[in-house]
file upload_18.txt (compact mmCIF, C-alpha atoms and all ligand atoms)
# COMPACT_ATOMS: atom_id res chain seq x y z
CA MET A 27 9.40 -3.27 14.70
CA ARG A 28 6.03 -1.94 13.66
CA LEU A 29 6.12 1.75 12.78
CA ALA A 30 2.95 3.82 12.57
CA ARG A 31 1.72 7.41 12.80
CA PHE A 32 -1.28 8.85 14.58
CA GLY A 33 -3.20 12.08 14.96
CA PRO A 34 -5.25 14.46 12.84
CA VAL A 35 -4.38 15.22 9.21
CA GLY A 36 -1.43 17.60 9.11
CA ALA A 37 -0.44 16.99 12.75
CA GLU A 38 0.58 13.32 12.68
CA ARG A 39 3.13 11.94 15.11
CA PRO A 40 5.23 8.76 15.02
CA CYS A 41 4.38 5.76 17.17
CA LEU A 42 5.29 2.11 17.57
CA VAL A 43 2.81 -0.77 17.64
CA ASP A 44 3.20 -3.83 19.85
CA GLY A 45 2.13 -7.41 19.19
CA GLN A 46 -1.38 -6.70 20.52
CA GLY A 47 -1.89 -3.72 18.23
CA ARG A 48 -1.41 -1.18 21.03
CA ARG A 49 0.30 2.05 20.04
CA PHE A 50 3.01 3.95 21.90
CA ASP A 51 3.87 7.57 21.21
CA ALA A 52 7.46 7.81 19.91
CA SER A 53 7.43 11.54 19.20
CA ALA A 54 9.76 12.32 22.13
CA VAL A 55 12.38 10.01 20.60
CA VAL A 56 12.05 10.50 16.85
CA ARG A 57 10.67 13.51 14.94
CA ASP A 58 8.80 11.43 12.36
CA TRP A 59 9.30 8.33 10.21
CA ASP A 60 11.10 10.58 7.75
CA ALA A 61 14.03 9.81 5.44
CA GLN A 62 16.58 9.88 8.25
CA ALA A 63 14.58 7.64 10.59
CA LEU A 64 13.65 5.17 7.83
CA ALA A 65 17.27 4.84 6.69
CA ALA A 66 18.36 3.90 10.21
CA PRO A 67 15.37 3.25 12.49
CA PRO A 68 16.38 3.95 16.09
CA ARG A 69 16.01 1.08 18.56
CA ILE A 70 13.27 2.24 20.90
CA ASP A 71 12.10 0.50 24.08
CA LEU A 72 8.30 0.47 24.09
CA ALA A 73 8.23 0.29 27.89
CA GLY A 74 9.35 3.89 28.23
CA LEU A 75 6.76 5.38 25.88
CA PRO A 76 3.31 6.84 26.70
CA PRO A 77 0.35 4.94 25.19
CA VAL A 78 -1.60 6.48 22.32
CA PRO A 79 -5.36 6.86 23.05
CA GLU A 80 -7.34 4.20 21.19
CA SER A 81 -9.55 6.90 19.68
CA ALA A 82 -6.60 8.60 17.95
CA ARG A 83 -6.73 8.44 14.15
CA TRP A 84 -4.37 6.01 12.42
CA ALA A 85 -2.45 7.94 9.75
CA SER A 86 -0.40 6.56 6.88
CA PRO A 87 2.71 4.97 8.49
CA VAL A 88 4.95 7.15 6.33
CA PRO A 89 4.65 10.89 5.68
CA ARG A 90 3.60 11.98 2.17
CA PRO A 91 6.00 9.98 -0.05
CA GLY A 92 8.05 11.47 -2.87
CA LYS A 93 6.42 8.94 -5.17
CA VAL A 94 4.23 5.85 -5.18
CA VAL A 95 5.36 3.39 -7.84
CA CYS A 96 2.92 0.63 -8.74
CA ILE A 97 3.46 -2.72 -10.41
CA GLY A 98 0.58 -3.91 -12.60
CA LEU A 99 -0.50 -7.51 -13.33
CA ASN A 100 2.09 -8.93 -10.92
CA TYR A 101 0.12 -12.01 -9.86
CA ALA A 102 -0.15 -14.95 -12.22
CA ASP A 103 -3.74 -15.71 -11.14
CA HIS A 104 -4.83 -12.04 -11.46
CA ALA A 105 -3.29 -11.80 -14.95
CA ALA A 106 -5.34 -14.87 -15.89
CA GLU A 107 -8.50 -13.32 -14.40
CA SER A 108 -7.85 -10.16 -16.46
CA GLY A 109 -7.35 -12.18 -19.64
CA MET A 110 -3.83 -10.77 -19.98
CA PRO A 111 -0.56 -12.63 -20.65
CA ILE A 112 2.01 -12.82 -17.84
CA PRO A 113 4.24 -9.76 -18.39
CA ALA A 114 7.83 -10.38 -19.50
CA GLU A 115 8.96 -7.32 -17.48
CA PRO A 116 7.23 -5.42 -14.68
CA ILE A 117 4.41 -3.10 -15.78
CA VAL A 118 5.00 0.21 -14.01
CA PHE A 119 2.74 3.19 -13.36
CA LEU A 120 2.64 5.93 -10.72
CA LYS A 121 0.21 7.21 -8.13
CA ALA A 122 0.60 10.81 -7.00
CA PRO A 123 1.67 11.43 -3.37
CA ARG A 124 -1.64 13.17 -2.72
CA THR A 125 -3.56 9.88 -3.10
CA VAL A 126 -2.11 8.59 0.21
CA ILE A 127 -4.45 8.44 3.23
CA GLY A 128 -4.62 6.54 6.51
CA PRO A 129 -5.86 2.93 6.71
CA TYR A 130 -9.25 3.84 8.24
CA ASP A 131 -9.84 7.15 6.43
CA GLN A 132 -12.82 7.51 4.09
CA VAL A 133 -12.37 6.73 0.39
CA ARG A 134 -14.10 9.20 -1.92
CA ILE A 135 -15.86 7.78 -4.97
CA PRO A 136 -15.10 10.19 -7.86
CA ARG A 137 -17.95 12.28 -9.21
CA GLY A 138 -19.88 10.34 -11.85
CA SER A 139 -17.96 7.12 -11.24
CA ALA A 140 -19.73 3.79 -11.69
CA LYS A 141 -16.51 1.73 -11.85
CA THR A 142 -14.44 2.38 -8.70
CA ASP A 143 -12.62 -0.81 -7.76
CA TRP A 144 -10.43 -2.26 -5.00
CA GLU A 145 -6.96 -3.92 -5.04
CA VAL A 146 -5.32 -5.31 -1.88
CA GLU A 147 -1.53 -5.11 -2.28
CA LEU A 148 1.74 -5.60 -0.44
CA ALA A 149 3.58 -2.26 -0.42
CA VAL A 150 7.33 -1.84 0.02
CA VAL A 151 8.69 1.30 1.69
CA ILE A 152 12.20 2.38 0.73
CA GLY A 153 14.64 2.96 3.59
CA ARG A 154 17.88 3.92 1.87
CA GLU A 155 18.32 5.66 -1.47
CA ALA A 156 18.60 3.13 -4.29
CA SER A 157 20.12 3.90 -7.69
CA TYR A 158 21.56 1.37 -10.15
CA LEU A 159 21.68 -1.42 -7.59
CA ALA A 160 24.13 -4.11 -8.73
CA SER A 161 21.97 -7.09 -7.79
CA ARG A 162 18.61 -8.28 -6.54
CA GLU A 163 20.25 -9.25 -3.24
CA GLN A 164 21.49 -5.68 -2.69
CA ALA A 165 17.90 -4.46 -2.65
CA ALA A 166 17.23 -5.86 0.84
CA ALA A 167 19.40 -3.21 2.50
CA HIS A 168 17.35 -0.45 0.83
CA ILE A 169 13.93 -1.59 2.11
CA ALA A 170 12.61 -0.09 5.37
CA GLY A 171 9.65 -2.46 5.55
CA TYR A 172 6.23 -3.46 4.30
CA CYS A 173 2.61 -2.41 4.72
CA ILE A 174 -0.84 -2.94 3.19
CA CYS A 175 -1.89 -0.73 0.27
CA ASN A 176 -5.36 -0.49 -1.28
CA ASP A 177 -4.57 0.47 -4.89
CA ILE A 178 -8.01 1.90 -5.59
CA SER A 179 -8.73 2.22 -9.29
CA GLU A 180 -11.43 3.92 -11.34
CA ARG A 181 -11.72 1.51 -14.29
CA HIS A 182 -13.56 3.86 -16.66
CA TRP A 183 -10.80 6.46 -16.42
CA GLN A 184 -8.10 3.76 -16.33
CA LEU A 185 -9.18 1.72 -19.35
CA GLU A 186 -11.80 3.51 -21.46
CA ARG A 187 -10.52 7.10 -21.76
CA GLY A 188 -7.35 6.49 -23.82
CA GLY A 189 -3.66 6.52 -22.97
CA GLN A 190 -2.05 5.04 -19.88
CA TRP A 191 -3.62 3.79 -16.64
CA ASP A 192 -2.64 6.81 -14.53
CA LYS A 193 -5.91 8.74 -14.88
CA GLY A 194 -7.85 6.00 -13.13
CA LYS A 195 -5.28 5.59 -10.36
CA ASN A 196 -4.84 9.13 -9.09
CA PHE A 197 -8.06 10.40 -7.57
CA ASP A 198 -7.70 11.81 -4.05
CA THR A 199 -7.88 9.09 -1.33
CA PHE A 200 -6.99 6.28 -3.78
CA CYS A 201 -4.02 4.99 -1.76
CA PRO A 202 -4.82 3.97 1.84
CA LEU A 203 -1.59 2.77 3.54
CA GLY A 204 -1.06 1.01 6.87
CA PRO A 205 -2.02 0.48 9.61
CA TRP A 206 1.68 -0.10 10.27
CA LEU A 207 4.99 -0.52 8.50
CA ALA A 208 6.56 -3.84 9.53
CA THR A 209 10.33 -4.13 9.25
CA ALA A 210 11.52 -7.12 7.23
CA ASP A 211 12.47 -9.15 10.33
CA GLU A 212 8.74 -9.19 11.29
CA LEU A 213 7.85 -11.02 8.06
CA PRO A 214 9.95 -14.20 7.82
CA ALA A 215 7.55 -15.74 5.26
CA LEU A 216 7.35 -12.79 2.85
CA GLY A 217 6.81 -15.19 -0.05
CA SER A 218 3.67 -16.78 1.41
CA LEU A 219 1.60 -14.03 3.05
CA ALA A 220 -2.18 -14.48 2.90
CA MET A 221 -4.04 -11.48 1.43
CA GLN A 222 -7.75 -10.77 1.74
CA LEU A 223 -10.24 -8.05 0.88
CA SER A 224 -13.96 -7.98 1.61
CA VAL A 225 -16.71 -5.50 0.71
CA ASN A 226 -19.63 -5.19 3.13
CA GLY A 227 -18.49 -8.41 4.79
CA GLN A 228 -18.40 -10.43 1.57
CA ARG A 229 -15.00 -11.87 0.64
CA MET A 230 -13.92 -10.51 -2.73
CA GLN A 231 -10.16 -11.12 -2.89
CA GLN A 232 -8.26 -14.03 -1.43
CA GLY A 233 -4.69 -14.66 -2.49
CA SER A 234 -1.11 -15.13 -1.45
CA THR A 235 2.18 -13.48 -2.21
CA ALA A 236 3.16 -17.00 -3.36
CA THR A 237 1.70 -16.26 -6.82
CA MET A 238 3.56 -12.93 -7.17
CA ILE A 239 5.54 -12.84 -10.44
CA PHE A 240 8.26 -10.24 -9.65
CA ASP A 241 9.08 -10.27 -5.91
CA PRO A 242 9.92 -7.16 -3.87
CA LEU A 243 13.70 -7.56 -4.12
CA PHE A 244 13.50 -8.03 -7.89
CA VAL A 245 11.20 -5.01 -8.22
CA VAL A 246 13.42 -2.68 -6.15
CA HIS A 247 16.52 -3.74 -8.12
CA TYR A 248 14.63 -3.38 -11.41
CA LEU A 249 13.19 0.08 -10.65
CA SER A 250 16.57 1.33 -9.42
CA GLN A 251 17.82 0.92 -13.01
CA CYS A 252 15.33 3.51 -14.31
CA MET A 253 14.75 5.88 -11.37
CA THR A 254 16.34 6.79 -8.04
CA LEU A 255 14.27 5.41 -5.19
CA GLU A 256 14.34 7.66 -2.15
CA PRO A 257 13.67 6.98 1.54
CA GLY A 258 9.93 6.99 2.16
CA ASP A 259 9.04 6.16 -1.44
CA VAL A 260 6.35 3.50 -1.68
CA ILE A 261 6.28 0.66 -4.20
CA THR A 262 3.07 -1.29 -4.34
CA THR A 263 3.52 -4.71 -5.85
CA GLY A 264 0.27 -5.71 -7.53
CA THR A 265 -2.94 -7.44 -6.57
CA PRO A 266 -4.16 -11.05 -6.42
CA PRO A 267 -7.44 -12.17 -8.08
CA GLY A 268 -10.90 -10.97 -7.11
CA VAL A 269 -10.96 -7.31 -8.11
CA GLY A 270 -14.42 -5.98 -9.00
CA LEU A 271 -13.56 -5.86 -12.70
CA GLY A 272 -12.80 -9.60 -12.62
CA HIS A 273 -16.21 -10.59 -11.19
CA LYS A 274 -18.90 -11.83 -13.57
CA PRO A 275 -20.80 -9.59 -13.77
CA PRO A 276 -18.31 -6.90 -12.57
CA ARG A 277 -18.82 -5.43 -9.08
CA PHE A 278 -17.91 -1.87 -8.17
CA LEU A 279 -18.01 0.44 -5.14
CA ALA A 280 -20.73 2.91 -4.16
CA PRO A 281 -21.00 5.43 -1.29
CA GLY A 282 -21.67 3.59 1.96
CA ASP A 283 -19.73 0.47 0.97
CA VAL A 284 -17.14 -0.74 3.49
CA MET A 285 -13.86 -2.35 2.44
CA GLU A 286 -11.77 -4.47 4.82
CA LEU A 287 -8.27 -5.59 3.86
CA SER A 288 -5.70 -7.77 5.59
CA ILE A 289 -2.28 -9.29 4.96
CA THR A 290 -0.55 -11.70 7.34
CA GLY A 291 1.53 -9.74 9.85
CA LEU A 292 0.46 -6.34 8.52
CA GLY A 293 -2.85 -5.82 10.30
CA VAL A 294 -6.23 -4.80 8.92
CA GLN A 295 -7.46 -1.78 6.98
CA ARG A 296 -11.07 -0.63 6.84
CA GLN A 297 -12.47 2.16 4.66
CA VAL A 298 -15.98 3.52 4.24
CA CYS A 299 -16.74 4.93 0.79
CA THR A 300 -18.26 8.38 0.45
CA ALA A 301 -19.21 10.56 -2.54
CA ALA A 302 -16.60 13.10 -3.71
ZN ZN B 401 -2.62 -2.40 -8.33

call {"tool": "encode", "arguments": {"input": "upload_18.txt", "output": "structure tokens"}}
result
Amino acid sequence: MRLARFGPVGAERPCLVDGQGRRFDASAVVRDWDAQALAAPPRIDLAGLPPVPESARWASPVPRPGKVVCIGLNYADHAAESGMPIPAEPIVFLKAPRTVIGPYDQVRIPRGSAKTDWEVELAVVIGREASYLASREQAAAHIAGYCICNDISERHWQLERGGQWDKGKNFDTFCPLGPWLATADELPALGSLAMQLSVNGQRMQQGSTATMIFDPLFVVHYLSQCMTLEPGDVITTGTPPGVGLGHKPPRFLAPGDVMELSITGLGVQRQVCTAA
């Protein structure tokens, strides 16, 4: 199944997406893709549902999450591009729930920023609470599905202002999610999904989950040893090469720039940048 949400900010409703990208209003069947629905998604027949108007806004496929956990330097080729060694254990940082927006919403460049950057990523959404999981294999039953995340990053605040990365990762609008959440059965080749990101039509990132260092099952098991993962929590699993910081010379975003992101089976995101 492909789960999504539509409608204006603050009044989103759940819908399902078919193989052609058409949306069907599921709000008469399920209240929202909340903890209860993500833990045990109801089987819904698309045929009985009213279509969603094409003009309706695409929202984040999950309501505001309790937390967004991010894995840094999780692609061997991106670590090389960054001049960093392959991490022995996952590098973990957090994005605040408020950063989450829909896949076609505008991204706001922070005031004074000259180093706002892009990162196409595979995000995992938790379905069932996970705490001290006994094994990597157990993690599968705790995952509701997968979606695209753009882990937008302000490099000056992330890397040049002291301390941890979080300052550069938490500006409003820095976490577009969607357009849909695909359940695991929709992604039989999770380990070889193509990932792309372009800016103004120019390809910037091209990669594959094949070069991911710590895979989603490993990451969910690992994180469950140091925090309880709750239904609706989002874990974004790192970016392949081609971020702006890795270009020579570096390339960054400005108001008016348009980002387009895609991952096999997970659709396409598109964001226009505006000034905060
Ligand atoms: Zn990232």

call {"tool": "residues_near_ligand", "arguments": {"input": "upload_18.txt", "ligand": "ligand ZN 401 (chain B)", "cutoff": "8 Å", "atoms": "all atoms listed in the file", "output": "list in words"}}
result
Cys96, Ile97, Gly98, Leu99, Glu145, Val146, Glu147, Asn176, Asp177, Ile178, Ser179, Thr262, Thr263, Gly264 and Thr265 of chain A

call {"tool": "residues_around", "arguments": {"input": "upload_18.txt", "residues": "Arg277 (chain A)", "least_positions_apart": "5", "cutoff": "9 Å", "atoms": "only C-alpha atoms", "output": "JSON, numbers by chain"}}
result
{"A": [141, 142, 143, 269, 270, 271, 272]}

call {"tool": "write_last_selection", "arguments": {"input": "upload_18.txt", "atoms": "C-alpha atoms", "output": "compact mmCIF listing (two decimals), in the frame of the given file"}}
result
# COMPACT_ATOMS: atom_id res chain seq x y z
CA LYS A 141 -16.51 1.73 -11.85
CA THR A 142 -14.44 2.38 -8.70
CA ASP A 143 -12.62 -0.81 -7.76
CA VAL A 269 -10.96 -7.31 -8.11
CA GLY A 270 -14.42 -5.98 -9.00
CA LEU A 271 -13.56 -5.86 -12.70
CA GLY A 272 -12.80 -9.60 -12.62

call {"tool": "residues_around", "arguments": {"input": "upload_18.txt", "residues": "Asp58 (chain A)", "least_positions_apart": "3", "cutoff": "9 Å", "atoms": "all atoms listed in the file", "output": "mmCIF file with C-alpha atoms, in the coordinates of the input"}}
result
data_model
loop_
_atom_site.group_PDB
_atom_site.id
_atom_site.type_symbol
_atom_site.label_atom_id
_atom_site.label_comp_id
_atom_site.auth_asym_id
_atom_site.auth_seq_id
_atom_site.Cartn_x
_atom_site.Cartn_y
_atom_site.Cartn_z
ATOM 1 C CA ARG A 31 1.720 7.410 12.800
ATOM 2 C CA GLU A 38 0.580 13.320 12.680
ATOM 3 C CA ARG A 39 3.130 11.940 15.110
ATOM 4 C CA PRO A 40 5.230 8.760 15.020
ATOM 5 C CA CYS A 41 4.380 5.760 17.170
ATOM 6 C CA ALA A 52 7.460 7.810 19.910
ATOM 7 C CA SER A 53 7.430 11.540 19.200
ATOM 8 C CA ALA A 61 14.030 9.810 5.440
ATOM 9 C CA GLN A 62 16.580 9.880 8.250
ATOM 10 C CA ALA A 63 14.580 7.640 10.590
ATOM 11 C CA VAL A 88 4.950 7.150 6.330
ATOM 12 C CA PRO A 89 4.650 10.890 5.680
#

call {"tool": "closest_residue", "arguments": {"input": "upload_18.txt", "among": "A:Ser288, A:Gln232, A:Gln295, A:Thr209", "to": "Leu64 (chain A)", "atoms": "all atoms listed in the file"}}
result
A:Thr209

call {"tool": "axis_aligned_box", "arguments": {"input": "upload_18.txt", "around": "region 111-126 of chain A", "padding_each_side": "5 Å", "output": "JSON"}}
result
{"center_x": 2.7, "center_y": 0.2, "center_z": -10.2, "size_x": 22.5, "size_y": 36.0, "size_z": 30.9}

call {"tool": "closest_residue", "arguments": {"input": "upload_18.txt", "among": "A:Ala280, A:Val94, A:Leu75, A:Ala114", "to": "Ile135 (chain A)", "atoms": "only C-alpha atoms"}}
result
A:Ala280

call {"tool": "closest_residue", "arguments": {"input": "upload_18.txt", "among": "A:Glu163, A:Asp283, A:Asp44, A:Asp259", "to": "Pro242 (chain A)", "atoms": "all atoms listed in the file"}}
result
A:Glu163

call {"tool": "closest_residue", "arguments": {"input": "upload_18.txt", "among": "A:Glu115, A:Asp51, A:Asp71, A:Glu256", "to": "Arg154 (chain A)", "atoms": "all atoms listed in the file"}}
result
A:Glu256

call {"tool": "residues_near_point", "arguments": {"input": "upload_18.txt", "point": "(7.2, -11.9, -12.3)", "cutoff": "7 Å", "atoms": "only C-alpha atoms", "output": "PyMOL selection string"}}
result
chain A and resi 100+116+238-241

call {"tool": "residues_around", "arguments": {"input": "upload_18.txt", "residues": "His168 (chain A)", "least_positions_apart": "3", "cutoff": "9 Å", "atoms": "only C-alpha atoms", "output": "JSON list (two decimals) with C-alpha atoms, in the coordinates of the input"}}
result
[["chain", "number", "residue", "atom", "x", "y", "z"],
["A", 65, "ALA", "CA", 17.27, 4.84, 6.69],
["A", 151, "VAL", "CA", 8.69, 1.30, 1.69],
["A", 152, "ILE", "CA", 12.20, 2.38, 0.73],
["A", 153, "GLY", "CA", 14.64, 2.96, 3.59],
["A", 154, "ARG", "CA", 17.88, 3.92, 1.87],
["A", 155, "GLU", "CA", 18.32, 5.66, -1.47],
["A", 156, "ALA", "CA", 18.60, 3.13, -4.29],
["A", 164, "GLN", "CA", 21.49, -5.68, -2.69],
["A", 165, "ALA", "CA", 17.90, -4.46, -2.65],
["A", 246, "VAL", "CA", 13.42, -2.68, -6.15],
["A", 255, "LEU", "CA", 14.27, 5.41, -5.19],
["A", 257, "PRO", "CA", 13.67, 6.98, 1.54]]

call {"tool": "residues_near_point", "arguments": {"input": "upload_18.txt", "point": "(-5.4, 11.8, -1.0)", "cutoff": "6 Å", "atoms": "only C-alpha atoms", "output": "number ranges by chain"}}
result
A: 124-127, 198-199
